[in-house]
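Chemist: Below you'll find my_file.txt; it's compact mmCIF, C-alpha atoms and all ligand atoms.
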```txt
# COMPACT_ATOMS: atom_id res chain seq x y z
CA MET A 120 -1.92 11.86 14.65
CA PRO A 121 1.61 10.91 13.58
CA LEU A 122 2.88 11.09 10.03
CA ILE A 123 2.41 7.82 8.16
CA LEU A 124 4.30 7.00 4.97
CA GLU A 125 2.74 4.38 2.69
CA THR A 126 5.53 2.09 1.49
CA VAL A 127 6.19 -1.37 0.11
CA VAL A 128 7.86 -3.43 2.83
CA THR A 129 10.04 -6.43 2.11
CA THR A 130 10.98 -9.08 4.65
CA ARG A 131 12.47 -12.55 4.28
CA SER A 132 11.40 -15.83 5.78
CA PRO A 133 13.93 -18.21 7.39
CA ASP A 134 13.96 -20.24 4.15
CA GLY A 135 14.91 -17.09 2.25
CA SER A 136 11.62 -16.43 0.43
CA VAL A 137 10.70 -12.79 0.00
CA HIS A 138 7.48 -11.33 1.41
CA LEU A 139 6.47 -8.04 -0.22
CA VAL A 140 3.47 -6.03 1.05
CA PRO A 141 2.32 -2.43 1.31
CA PHE A 142 2.50 -1.09 4.86
CA GLY A 143 2.16 2.31 6.48
CA LEU A 144 5.29 3.34 8.38
CA ILE A 145 4.39 5.42 11.42
CA GLN A 146 6.86 8.14 12.32
CA ASP A 147 7.82 8.41 15.99
CA GLY A 148 10.62 10.94 16.37
CA ALA A 149 13.67 9.53 14.61
CA GLU A 150 12.16 6.02 14.58
CA TRP A 151 9.57 4.36 12.37
CA VAL A 152 6.96 1.87 13.53
CA LEU A 153 5.67 -1.02 11.45
CA ALA A 154 2.35 -2.36 12.76
CA PRO A 155 1.05 -5.48 10.96
CA PHE A 156 -2.31 -6.96 11.92
CA ARG A 157 -2.19 -10.60 13.03
CA PRO A 158 -1.92 -13.11 11.49
CA SER A 159 0.80 -12.02 9.11
CA PRO A 160 3.81 -13.57 7.39
CA THR A 161 5.53 -10.22 7.99
CA ILE A 162 5.31 -10.85 11.75
CA LEU A 163 6.79 -14.33 11.43
CA ASN A 164 9.58 -12.99 9.24
CA LEU A 165 10.42 -10.07 11.55
CA ASP A 166 10.49 -12.36 14.56
CA ALA A 167 12.98 -14.60 12.74
CA SER A 168 15.04 -11.81 11.14
CA PRO A 169 14.43 -8.35 12.66
CA VAL A 170 15.21 -6.21 9.62
CA PHE A 171 13.06 -4.80 6.82
CA ALA A 172 13.27 -2.53 3.79
CA ALA A 173 10.64 0.03 2.81
CA SER A 174 10.41 1.29 -0.79
CA SER A 175 8.40 3.95 -2.62
CA PRO A 176 7.38 2.27 -5.89
CA ARG A 177 7.32 4.34 -9.07
CA ASP A 178 4.65 2.05 -10.44
CA VAL A 179 1.46 1.86 -8.38
CA ARG A 180 0.75 -1.55 -9.92
CA VAL A 181 3.15 -2.86 -7.25
CA ILE A 182 0.79 -1.61 -4.53
CA ALA A 183 -2.43 -2.64 -6.28
CA GLY A 184 -0.84 -5.93 -7.31
CA ALA A 185 0.33 -6.80 -3.81
CA VAL A 186 -3.22 -6.56 -2.46
CA THR A 187 -4.74 -8.48 -5.40
CA GLY A 188 -2.50 -11.54 -5.40
CA ARG A 189 0.27 -10.21 -7.68
CA ARG A 190 3.35 -10.13 -5.46
CA ASP A 191 6.04 -11.26 -7.87
CA TRP A 192 7.80 -7.89 -8.24
CA ARG A 193 11.52 -7.82 -8.85
CA THR A 194 13.71 -7.33 -5.78
CA VAL A 195 17.45 -6.75 -5.33
CA PRO A 196 19.74 -7.14 -2.30
CA CYS A 197 19.77 -4.33 0.25
CA ASP A 198 22.91 -2.25 0.78
CA VAL A 199 23.30 -2.67 4.55
CA ILE A 200 20.80 -5.11 6.07
CA PRO A 201 20.63 -8.81 5.18
CA GLY A 202 17.46 -8.41 3.14
CA VAL A 203 16.06 -7.36 -0.22
CA ARG A 204 14.23 -4.30 -1.49
CA LEU A 205 11.92 -3.54 -4.39
CA ALA A 206 14.11 -3.10 -7.50
CA GLU A 207 12.16 -0.24 -9.14
CA SER A 208 11.42 2.66 -6.79
CA PHE A 209 11.95 6.34 -6.21
CA GLY A 210 14.00 5.36 -3.18
CA HIS A 211 14.16 3.02 -0.25
CA ALA A 212 15.15 2.86 3.40
CA GLU A 213 16.56 -0.04 5.41
CA PHE A 214 15.61 -0.68 9.04
CA GLU A 215 16.74 -2.70 12.02
CA VAL A 216 14.06 -3.56 14.56
CA ILE A 217 15.19 -2.17 17.92
CA ALA A 218 12.09 -2.99 19.99
CA VAL A 219 8.83 -4.92 19.71
CA GLU A 220 5.64 -3.92 21.50
CA GLU A 221 3.70 -7.18 21.67
CA ASP A 222 -0.02 -7.01 21.07
CA GLU A 223 -2.66 -9.69 20.44
CA THR A 224 -4.08 -7.79 17.49
CA ARG A 225 -1.36 -5.55 16.11
CA PRO A 226 2.21 -5.77 17.44
CA ARG A 227 4.42 -2.76 16.78
CA TYR A 228 7.95 -3.18 15.44
CA ARG A 229 10.05 -0.10 16.13
CA GLY A 230 12.60 0.38 13.37
CA ARG A 231 15.83 2.36 13.32
CA MET A 232 16.60 3.65 9.85
CA VAL A 233 20.15 2.50 9.08
CA HIS A 234 20.35 3.42 5.39
CA THR A 235 18.50 5.36 2.69
CA ALA A 236 19.07 5.64 -1.05
CA SER A 237 17.42 7.49 -3.95
CA HIS A 238 17.01 5.71 -7.27
CA THR A 239 14.81 7.83 -9.55
CA PRO A 240 14.10 11.57 -9.66
CA PHE A 241 10.66 12.42 -8.28
CA ILE A 242 9.14 14.89 -10.73
CA GLY A 243 5.61 15.41 -9.49
CA TYR A 244 2.49 14.11 -7.82
CA ASN A 245 -0.20 12.29 -9.78
CA ARG A 246 -3.81 12.18 -8.59
CA ALA A 247 -4.49 8.80 -10.16
CA GLN A 248 -1.58 7.27 -8.26
CA ALA A 249 -3.01 8.69 -5.03
CA ALA A 250 -6.43 7.31 -6.00
CA VAL A 251 -4.98 3.84 -6.60
CA LEU A 252 -3.25 4.02 -3.22
CA GLU A 253 -6.51 4.92 -1.46
CA ALA A 254 -8.49 2.29 -3.36
CA ALA A 255 -5.84 -0.33 -2.54
CA ILE A 256 -6.13 0.44 1.18
CA LEU A 257 -9.93 0.35 0.88
CA SER A 258 -9.70 -3.05 -0.80
CA THR A 259 -7.93 -4.51 2.27
CA ARG A 260 -10.82 -3.37 4.51
CA LEU A 261 -13.80 -4.66 2.53
CA HIS A 262 -14.77 -7.06 5.34
CA MET A 263 -15.09 -4.13 7.78
CA LEU A 264 -17.06 -1.66 5.64
CA ASP A 265 -20.59 -1.54 4.29
CA SER A 266 -21.07 -1.64 0.54
CA ASP A 267 -22.46 1.91 0.29
CA LYS A 268 -19.34 3.38 1.84
CA ILE A 269 -17.11 1.27 -0.39
CA LEU A 270 -18.94 2.35 -3.54
CA THR A 271 -19.05 6.00 -2.50
CA GLU A 272 -15.29 6.03 -2.00
CA MET A 273 -14.57 4.09 -5.18
CA ARG A 274 -16.74 6.52 -7.18
CA TYR A 275 -14.81 9.45 -5.78
CA HIS A 276 -11.40 7.90 -6.52
CA ALA A 277 -12.58 6.99 -10.05
CA ILE A 278 -12.77 10.70 -10.91
CA ALA A 279 -8.98 11.10 -10.54
CA ILE A 280 -8.45 7.89 -12.50
CA SER A 281 -10.63 9.04 -15.39
CA LYS A 282 -8.95 12.47 -15.48
CA THR A 283 -5.26 11.79 -14.77
CA ALA A 284 -4.32 8.09 -15.09
CA GLY A 285 -1.73 6.71 -17.47
CA PRO A 286 -1.87 3.07 -18.63
CA ALA A 287 -0.16 1.70 -15.48
CA GLU A 288 -2.56 3.50 -13.17
CA ARG A 289 -5.54 2.28 -15.26
CA GLU A 290 -4.36 -1.30 -15.01
CA ALA A 291 -3.75 -0.98 -11.26
CA TRP A 292 -7.23 0.49 -10.86
CA ASP A 293 -8.79 -2.36 -12.85
CA TRP A 294 -7.20 -4.92 -10.50
CA ILE A 295 -8.72 -3.13 -7.50
CA GLU A 296 -12.09 -2.75 -9.24
CA ASP A 297 -12.16 -6.50 -9.93
CA LYS A 298 -11.44 -7.27 -6.27
CA VAL A 299 -14.09 -4.83 -5.03
CA ALA A 300 -16.68 -6.05 -7.55
CA ALA A 301 -16.07 -9.67 -6.54
CA ALA A 302 -16.42 -8.83 -2.85
CA LEU A 303 -19.67 -6.92 -3.44
CA GLY A 304 -21.05 -9.47 -5.90
CA ARG A 305 -21.27 -6.90 -8.70
CA THR A 306 -20.60 -7.37 -12.38
CA ASP A 307 -20.42 -3.68 -13.39
CA ARG A 308 -17.40 -1.42 -12.86
CA VAL A 309 -17.36 2.05 -11.25
CA LEU A 310 -15.04 3.39 -13.96
CA ALA A 311 -17.32 2.13 -16.74
CA ASN A 312 -19.20 5.39 -16.28
CA PRO A 313 -16.83 7.95 -14.77
CA ASP A 314 -19.08 10.91 -15.68
CA ALA A 315 -21.87 9.39 -13.63
CA ALA A 316 -19.35 8.83 -10.86
CA ALA A 317 -18.31 12.49 -11.03
CA ARG A 318 -21.97 13.64 -11.08
CA ASP A 319 -22.74 11.44 -8.07
CA ALA A 320 -19.77 12.84 -6.18
CA ALA A 321 -20.73 16.46 -7.01
CA LEU A 322 -24.30 15.79 -5.90
CA ARG A 323 -23.08 14.40 -2.62
CA ARG A 324 -21.01 17.55 -2.06
CA ASN A 325 -23.89 19.91 -3.03
CA PRO A 326 -27.13 17.98 -2.63
C1 LIG B 1 -0.97 1.49 1.22
C2 LIG B 1 -1.29 0.36 2.16
C3 LIG B 1 -0.89 0.42 3.48
C4 LIG B 1 -1.16 -0.64 4.36
N1 LIG B 1 -0.74 -0.57 5.67
C5 LIG B 1 -0.96 -1.61 6.50
C6 LIG B 1 -0.49 -1.58 7.85
O1 LIG B 1 0.11 -0.60 8.30
N2 LIG B 1 -0.73 -2.68 8.64
C7 LIG B 1 -1.38 -3.80 8.14
O2 LIG B 1 -1.54 -4.80 8.86
N3 LIG B 1 -1.83 -3.84 6.87
C8 LIG B 1 -1.64 -2.79 6.04
N4 LIG B 1 -2.08 -2.84 4.76
C9 LIG B 1 -2.72 -4.07 4.28
C10 LIG B 1 -1.67 -5.12 3.96
O3 LIG B 1 -0.82 -4.70 2.90
C11 LIG B 1 -2.31 -6.42 3.53
O4 LIG B 1 -3.35 -6.75 4.41
C12 LIG B 1 -1.27 -7.51 3.51
O5 LIG B 1 -1.84 -8.64 2.95
C13 LIG B 1 -0.83 -7.86 4.94
O6 LIG B 1 0.48 -8.38 4.91
P1 LIG B 1 0.84 -9.85 5.39
O7 LIG B 1 0.82 -10.65 4.14
O8 LIG B 1 2.19 -9.72 6.01
O9 LIG B 1 -0.22 -10.27 6.36
C14 LIG B 1 -1.85 -1.78 3.89
C15 LIG B 1 -2.25 -1.84 2.54
C16 LIG B 1 -1.99 -0.78 1.69
C17 LIG B 1 -2.46 -0.86 0.26
```
Before anything else, please render the file you have as structure tokens.

Modeler:
Amino acid sequence: MPLILETVVTTRSPDGSVHLVPFGLIQDGAEWVLAPFRPSPTILNLDASPVFAASSPRDVRVIAGAVTGRRDWRTVPCDVIPGVRLAESFGHAEFEVIAVEEDETRPRYRGRMVHTASHTPFIGYNRAQAAVLEAAILSTRLHMLDSDKILTEMRYHAIAISKTAGPAEREAWDWIEDKVAAALGRTDRVLANPDAAARDAALRRNP
């Protein structure tokens, strides 16, 4: 399997409006492939203007927000391509699309990295941020998964939230929890009882 970097991708529509969404960038040698599922505004934007920026947000609320209807994050102009990037990030890269592999389900846009920049020192990994990232991805696949699997994964991710989250990660997690609860028709929250979640997870590991 190739390396995939989870980023926040920004593209612009012909009328200039910004589209900001989390996407995995698939490494292929020196190139990076963006593969959006149809239908997608990202596809329309790339077909009209074949450039994109990919950013690593410092604040995981950008990722959780983008998949829960909160996409109004500040952007600034890119350095090289005619596009914009997320304003607050550890760093970003700018890409020109050099080839498109058409596909009815998931076209692949092959990007050549034409510029990178660092913006904030990266001091260390945080488990809660990783948990929000995983839960955010899960929350975009709710229609494909059964509720037991969704709850099992959410309970596992909730352990890292309860042990290592700061306020931003808690808020991001709450947005995802609300989305998952609504999809499953539940009123309770996994994180309402993180000890039970941890016990459940331990039991599953050592039944
Ligand atoms: C970390 C992360 C990575 C994602 N990667 C992809 C991806 O590679 N392809 C995809 O179609 N959707 C991916 N998604 C889901 C999209 O962000 C989400 O479905 C979005 O609404 C699709 O963008 P669109 O508005 O251009 O259709 C990812 C979500 C997250 C949270």

Chemist: How many Å separate CA of Pro155 (chain A) from atom C9 of ligand LIG 1 (chain B)?

Modeler: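 It comes out at 7.8 Å.
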
Chemist: Of the residues A:Leu264, A:Ala149, A:Val233, A:Ile295, which is the one nearest to ligand LIG 1 (chain B), using all atoms listed in the file?

Modeler: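 With all atoms listed in the file as the atom set, the closest residue is A:Ile295.
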
Chemist: Expressed in Å to a single decimal, how great is the separation between CA of Phe142 (chain A) and CA of Pro160 (chain A)?

Modeler: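 Interatomic distance here is 12.8 Å.
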
Chemist: At a cut-off of 10 Å, can you tabulate as JSON lines every residue of chain A near ligand LIG 1 (chain B) together with its closest atom pair and the distance in Å to one decimal, using only C-alpha atoms and all ligand atoms and ordering rows by chain then number?

Modeler:
```
{"residue": "A:Ile123", "atom": "CA", "partner": "B:LIG1", "partner_atom": "O1", "distance": 8.7}
{"residue": "A:Leu124", "atom": "CA", "partner": "B:LIG1", "partner_atom": "C1", "distance": 8.5}
{"residue": "A:Glu125", "atom": "CA", "partner": "B:LIG1", "partner_atom": "C1", "distance": 4.9}
{"residue": "A:Thr126", "atom": "CA", "partner": "B:LIG1", "partner_atom": "C1", "distance": 6.5}
{"residue": "A:Val127", "atom": "CA", "partner": "B:LIG1", "partner_atom": "C1", "distance": 7.8}
{"residue": "A:Val128", "atom": "CA", "partner": "B:LIG1", "partner_atom": "O3", "distance": 8.8}
{"residue": "A:Thr129", "atom": "CA", "partner": "B:LIG1", "partner_atom": "O8", "distance": 9.4}
{"residue": "A:Thr130", "atom": "CA", "partner": "B:LIG1", "partner_atom": "O8", "distance": 8.9}
{"residue": "A:His138", "atom": "CA", "partner": "B:LIG1", "partner_atom": "O8", "distance": 7.2}
{"residue": "A:Leu139", "atom": "CA", "partner": "B:LIG1", "partner_atom": "O7", "distance": 7.6}
{"residue": "A:Val140", "atom": "CA", "partner": "B:LIG1", "partner_atom": "O3", "distance": 4.9}
{"residue": "A:Pro141", "atom": "CA", "partner": "B:LIG1", "partner_atom": "O3", "distance": 4.2}
{"residue": "A:Phe142", "atom": "CA", "partner": "B:LIG1", "partner_atom": "N1", "distance": 3.4}
{"residue": "A:Gly143", "atom": "CA", "partner": "B:LIG1", "partner_atom": "O1", "distance": 4.0}
{"residue": "A:Leu144", "atom": "CA", "partner": "B:LIG1", "partner_atom": "O1", "distance": 6.5}
{"residue": "A:Ile145", "atom": "CA", "partner": "B:LIG1", "partner_atom": "O1", "distance": 8.0}
{"residue": "A:Val152", "atom": "CA", "partner": "B:LIG1", "partner_atom": "O1", "distance": 9.0}
{"residue": "A:Leu153", "atom": "CA", "partner": "B:LIG1", "partner_atom": "O1", "distance": 6.4}
{"residue": "A:Ala154", "atom": "CA", "partner": "B:LIG1", "partner_atom": "N2", "distance": 5.2}
{"residue": "A:Pro155", "atom": "CA", "partner": "B:LIG1", "partner_atom": "O2", "distance": 3.4}
{"residue": "A:Phe156", "atom": "CA", "partner": "B:LIG1", "partner_atom": "O2", "distance": 3.8}
{"residue": "A:Arg157", "atom": "CA", "partner": "B:LIG1", "partner_atom": "O9", "distance": 7.0}
{"residue": "A:Pro158", "atom": "CA", "partner": "B:LIG1", "partner_atom": "O9", "distance": 6.1}
{"residue": "A:Ser159", "atom": "CA", "partner": "B:LIG1", "partner_atom": "O9", "distance": 3.4}
{"residue": "A:Pro160", "atom": "CA", "partner": "B:LIG1", "partner_atom": "O8", "distance": 4.4}
{"residue": "A:Thr161", "atom": "CA", "partner": "B:LIG1", "partner_atom": "O8", "distance": 3.9}
{"residue": "A:Ile162", "atom": "CA", "partner": "B:LIG1", "partner_atom": "O8", "distance": 6.6}
{"residue": "A:Leu163", "atom": "CA", "partner": "B:LIG1", "partner_atom": "O8", "distance": 8.5}
{"residue": "A:Asn164", "atom": "CA", "partner": "B:LIG1", "partner_atom": "O8", "distance": 8.7}
{"residue": "A:Leu165", "atom": "CA", "partner": "B:LIG1", "partner_atom": "O8", "distance": 9.9}
{"residue": "A:Val179", "atom": "CA", "partner": "B:LIG1", "partner_atom": "C17", "distance": 9.9}
{"residue": "A:Val181", "atom": "CA", "partner": "B:LIG1", "partner_atom": "C17", "distance": 9.6}
{"residue": "A:Ile182", "atom": "CA", "partner": "B:LIG1", "partner_atom": "C17", "distance": 5.8}
{"residue": "A:Ala183", "atom": "CA", "partner": "B:LIG1", "partner_atom": "C17", "distance": 6.8}
{"residue": "A:Gly184", "atom": "CA", "partner": "B:LIG1", "partner_atom": "C17", "distance": 9.3}
{"residue": "A:Ala185", "atom": "CA", "partner": "B:LIG1", "partner_atom": "O3", "distance": 7.1}
{"residue": "A:Val186", "atom": "CA", "partner": "B:LIG1", "partner_atom": "O5", "distance": 6.0}
{"residue": "A:Thr187", "atom": "CA", "partner": "B:LIG1", "partner_atom": "O5", "distance": 8.8}
{"residue": "A:Gly188", "atom": "CA", "partner": "B:LIG1", "partner_atom": "O5", "distance": 8.9}
{"residue": "A:Arg190", "atom": "CA", "partner": "B:LIG1", "partner_atom": "O7", "distance": 9.9}
{"residue": "A:Thr224", "atom": "CA", "partner": "B:LIG1", "partner_atom": "O2", "distance": 9.5}
{"residue": "A:Arg225", "atom": "CA", "partner": "B:LIG1", "partner_atom": "O2", "distance": 7.3}
{"residue": "A:Pro226", "atom": "CA", "partner": "B:LIG1", "partner_atom": "O2", "distance": 9.4}
{"residue": "A:Arg227", "atom": "CA", "partner": "B:LIG1", "partner_atom": "N2", "distance": 9.6}
{"residue": "A:Ala249", "atom": "CA", "partner": "B:LIG1", "partner_atom": "C1", "distance": 9.8}
{"residue": "A:Val251", "atom": "CA", "partner": "B:LIG1", "partner_atom": "C17", "distance": 8.7}
{"residue": "A:Leu252", "atom": "CA", "partner": "B:LIG1", "partner_atom": "C1", "distance": 5.6}
{"residue": "A:Glu253", "atom": "CA", "partner": "B:LIG1", "partner_atom": "C1", "distance": 7.0}
{"residue": "A:Ala254", "atom": "CA", "partner": "B:LIG1", "partner_atom": "C17", "distance": 7.7}
{"residue": "A:Ala255", "atom": "CA", "partner": "B:LIG1", "partner_atom": "C17", "distance": 4.4}
{"residue": "A:Ile256", "atom": "CA", "partner": "B:LIG1", "partner_atom": "C17", "distance": 4.0}
{"residue": "A:Leu257", "atom": "CA", "partner": "B:LIG1", "partner_atom": "C17", "distance": 7.6}
{"residue": "A:Ser258", "atom": "CA", "partner": "B:LIG1", "partner_atom": "C17", "distance": 7.6}
{"residue": "A:Thr259", "atom": "CA", "partner": "B:LIG1", "partner_atom": "O4", "distance": 5.5}
{"residue": "A:Arg260", "atom": "CA", "partner": "B:LIG1", "partner_atom": "C9", "distance": 8.1}
```

Chemist: Nearest to Glu290 (chain A) among A:Val219, A:Leu310, A:Ile200, A:Leu303, with distances taken over only C-alpha atoms: which residue is it?

Modeler: A:Leu310

Chemist: In Å, with one decimal, what is the gap from CA of Asp166 (chain A) to CA of Arg231 (chain A)?

Modeler: 15.7 Å

Chemist: Leaving out Ala291 (chain A) and any residue of its chain fewer than 2 positions from it, which residues lie within 6 Å of it when counting all atoms listed in the file, given as a list of chain:residue names?

Modeler: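 Listed by chain and then number, they are A:Arg180, A:Ala183, A:Glu288, A:Arg289, A:Asp293, A:Trp294.
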
Chemist: With all atoms listed in the file as the basis for distance, which of A:Phe241, A:Tyr275, A:Trp151, A:Trp192 is at the shortest distance from Ile217 (chain A)?

Modeler: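 Closest residue, counting all atoms listed in the file: A:Trp151.
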
Chemist: Please determine, counting all atoms listed in the file, which residue among A:Ala173, A:Ala311, A:Ala247, A:Ala302 has the shortest atom-to-atom distance to Glu215 (chain A).

Modeler: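 Nearest to Glu215 (chain A): A:Ala173.
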
Chemist: Counting all atoms listed in the file, find the residues whose atoms lie at most 12 Å from (21.3, -2.0, 13.4) (file coordinates) and write them out as an MDAnalysis selection string.

Modeler: chainID A and resid 168:171 199:201 213:218 229:234

Chemist: Kindly list the centre and edge lengths in Å, rounded to one decimal, for the axis-aligned box that covers all listed atoms of region 203-216 of chain A plus 5 Å on each of its six sides, as lines of an AutoDock Vina configuration file.

Modeler:
```
center_x = 14.1
center_y = -0.5
center_z = 2.7
size_x = 15.3
size_y = 23.7
size_z = 33.7
```

Chemist: Of the residues A:Ile280, A:Ala300, A:Leu122, A:Ala206, which is the one nearest to Thr239 (chain A), using all atoms listed in the file?

Modeler: A:Ala206

Chemist: Go through A:Ala287, A:Leu261, A:Val309, A:Val203 one by one, measure the shortest atom-to-atom distance of each to Met273 (chain A) using only C-alpha atoms, and give the residue with the smallest value.

Modeler: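 Once distances to Met273 (chain A) are computed over only C-alpha atoms, the minimum belongs to A:Val309.
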